[in-house]
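Novice: Just dropping this structure here.
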Amino acid sequence: MAQTVVIYHSGYGHTKVVAEHVAEGAQGKLIAISAEGDIGADDWAALDSADAIVFGAPTYMGSPSWQFKKFADATSKAWFERKWADKVFGGFTNSASPSGDKQVSLIAMQTRASQHGGIWVSLGLAPSNAKASTSADLNNLGGSVGLLVRSPSDASVDEVHSGDLASARHYGARVATIAARLKG
């Protein structure tokens with residue numbers, strides 16, 4: 001079994017709920033980035049020893065939250081030593097709008113993974129884009145680079161769409177499965 005770490009920042013709790021579902025699917029470890037954009041020494045060690053790393057952050061104003069970006073910049077120490085080369089990576093993001101420029105956040109995460117010499121895993125699901133499609137369907141936002149999630153601005157953390165949570169579990173399992181194949 002591959003060891004997967006899901007590292008995320010959540011501003012209002014919605015992204016945390018998604019991270020929990022990704023970790024459930026991956027049977028992985030969760031690491032929360034603090035409100036100050038920090039993680040502990042044990043968290044860095046877990047990332048260094050992981051076979052797969054999944055990044056998660058809300059999209060605010062067209063990019064990941066500043067807390068996630070602070071963490072991402074701090075990964076330069078691992079980059080300098082090539083600690084994360086050949087690891088499997090994935091990413092997810094959440095915003096209130098159906099688009100909300102979420103793709104920009106995913107591309108930033110994918111670029112970070114590539115800078116580390118990592119192997120990026122796509123969502124691997126066809127979009128649910130028929131007239132009958134609803135927010136209960138898998139990949140109802142039509143993402144491919146990674147997982148896209150919508151949490152309306154007036155929705156509580158208990159109201160994250162069921163299709164997004166099912167997609168999150170699927171994505172976590174997909175990342176872990178690919179990491180296990182490459183590890184084997």
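Chain identifiers are assigned as A, B, and so on, following the order in which chains appear in the structure tokens; residues are numbered from 1 within each chain, and ligands are numbered from 1 in order of appearance.
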Going by DSSP on the backbone, which bits of segment 132-182 of chain A are strand (DSSP E or B)? Write them as a list in words, please.
Specialist: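 Taking segment 132-182 of chain A and keeping strand (DSSP E or B) gives Leu147, Leu148, Val149 and Arg150 of chain A.
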Novice: Take the selection from the previous step and output its residues with N, CA, C and O atoms, as a PDB file, in the first residue's frame.
Specialist:
```pdb
ATOM      1  N   LEU A 147      -9.402  17.678  -8.967  1.00  0.00           N
ATOM      2  CA  LEU A 147     -10.761  17.742  -8.448  1.00  0.00           C
ATOM      3  C   LEU A 147     -11.221  19.184  -8.255  1.00  0.00           C
ATOM      4  O   LEU A 147     -10.560  19.964  -7.568  1.00  0.00           O
ATOM      5  N   LEU A 148     -12.355  19.514  -8.851  1.00  0.00           N
ATOM      6  CA  LEU A 148     -12.997  20.822  -8.683  1.00  0.00           C
ATOM      7  C   LEU A 148     -14.226  20.647  -7.798  1.00  0.00           C
ATOM      8  O   LEU A 148     -15.005  19.718  -7.999  1.00  0.00           O
ATOM      9  N   VAL A 149     -14.389  21.534  -6.825  1.00  0.00           N
ATOM     10  CA  VAL A 149     -15.513  21.466  -5.900  1.00  0.00           C
ATOM     11  C   VAL A 149     -16.150  22.837  -5.784  1.00  0.00           C
ATOM     12  O   VAL A 149     -15.457  23.858  -5.790  1.00  0.00           O
ATOM     13  N   ARG A 150     -17.474  22.839  -5.664  1.00  0.00           N
ATOM     14  CA  ARG A 150     -18.200  24.096  -5.467  1.00  0.00           C
ATOM     15  C   ARG A 150     -18.925  24.055  -4.141  1.00  0.00           C
ATOM     16  O   ARG A 150     -19.663  23.122  -3.855  1.00  0.00           O
TER      17      ARG A 150
END
```
Novice: Taking 3 positions as the minimum chain separation for residues in the same chain, which residues sit within 9 Å of Gly124 of chain A when counting only C-alpha atoms? Answer as a list in words.
Specialist: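 Non-adjacent residues within range: Val121, Ser144, Val145, Gly146, Tyr171 and Arg174 of chain A.
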Novice: Show me, as an MDAnalysis selection string, the residues that have an atom within 8 Å of Gly163 of chain A when counting only C-alpha atoms, minus same-chain residues fewer than 2 positions from it.
Specialist: chainID A and resid 135:140 161 165:167
Novice: Put those residues in a file: N, CA, C and O atoms, as a short mmCIF file (atom, residue, chain, number, x, y, z; two decimals), in the first residue's frame.
Specialist:
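So result20.cif came out as:
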```cif
data_model
loop_
_atom_site.label_atom_id
_atom_site.label_comp_id
_atom_site.auth_asym_id
_atom_site.auth_seq_id
_atom_site.Cartn_x
_atom_site.Cartn_y
_atom_site.Cartn_z
N SER A 135 -25.72 18.26 -9.17
CA SER A 135 -24.57 18.35 -8.28
C SER A 135 -24.34 17.05 -7.50
O SER A 135 -23.33 16.91 -6.83
N ALA A 136 -25.24 16.10 -7.61
CA ALA A 136 -25.06 14.80 -6.97
C ALA A 136 -24.23 13.85 -7.84
O ALA A 136 -23.82 12.79 -7.37
N ASP A 137 -23.96 14.25 -9.09
CA ASP A 137 -23.20 13.40 -10.01
C ASP A 137 -21.70 13.55 -9.79
O ASP A 137 -21.22 14.62 -9.40
N LEU A 138 -20.97 12.48 -10.10
CA LEU A 138 -19.51 12.55 -10.09
C LEU A 138 -19.05 13.57 -11.12
O LEU A 138 -19.64 13.67 -12.20
N ASN A 139 -18.02 14.30 -10.79
CA ASN A 139 -17.41 15.30 -11.68
C ASN A 139 -18.43 16.21 -12.33
O ASN A 139 -18.40 16.47 -13.53
N ASN A 140 -19.33 16.74 -11.51
CA ASN A 140 -20.40 17.60 -12.04
C ASN A 140 -19.89 18.95 -12.50
O ASN A 140 -20.59 19.65 -13.22
N HIS A 161 -21.68 19.49 -1.86
CA HIS A 161 -22.46 18.62 -2.74
C HIS A 161 -22.00 17.17 -2.66
O HIS A 161 -20.80 16.88 -2.67
N LEU A 165 -18.24 15.20 -3.01
CA LEU A 165 -17.63 14.35 -1.98
C LEU A 165 -17.34 12.94 -2.53
O LEU A 165 -16.30 12.35 -2.22
N ALA A 166 -18.25 12.43 -3.34
CA ALA A 166 -18.00 11.12 -3.98
C ALA A 166 -16.83 11.22 -4.95
O ALA A 166 -15.99 10.30 -5.03
N SER A 167 -16.74 12.34 -5.67
CA SER A 167 -15.61 12.56 -6.57
C SER A 167 -14.31 12.66 -5.78
O SER A 167 -13.26 12.18 -6.23
#
```
Novice: With only C-alpha atoms as the atoms that count, which of A:Ser114, A:Ser105, A:Ser65, A:Ser99 lies nearest to Arg82 of chain A?
Specialist: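 Checking each of A:Ser114, A:Ser105, A:Ser65, A:Ser99 against Arg82 of chain A, counting only C-alpha atoms, the winner is A:Ser114.
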Novice: Pick out the closest residue to Gly142 of chain A from this set: A:Thr59, A:Thr15, A:Gly37, A:Leu123. Count only C-alpha atoms.
Specialist: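 Distance minimum relative to Gly142 of chain A lands on A:Leu123.
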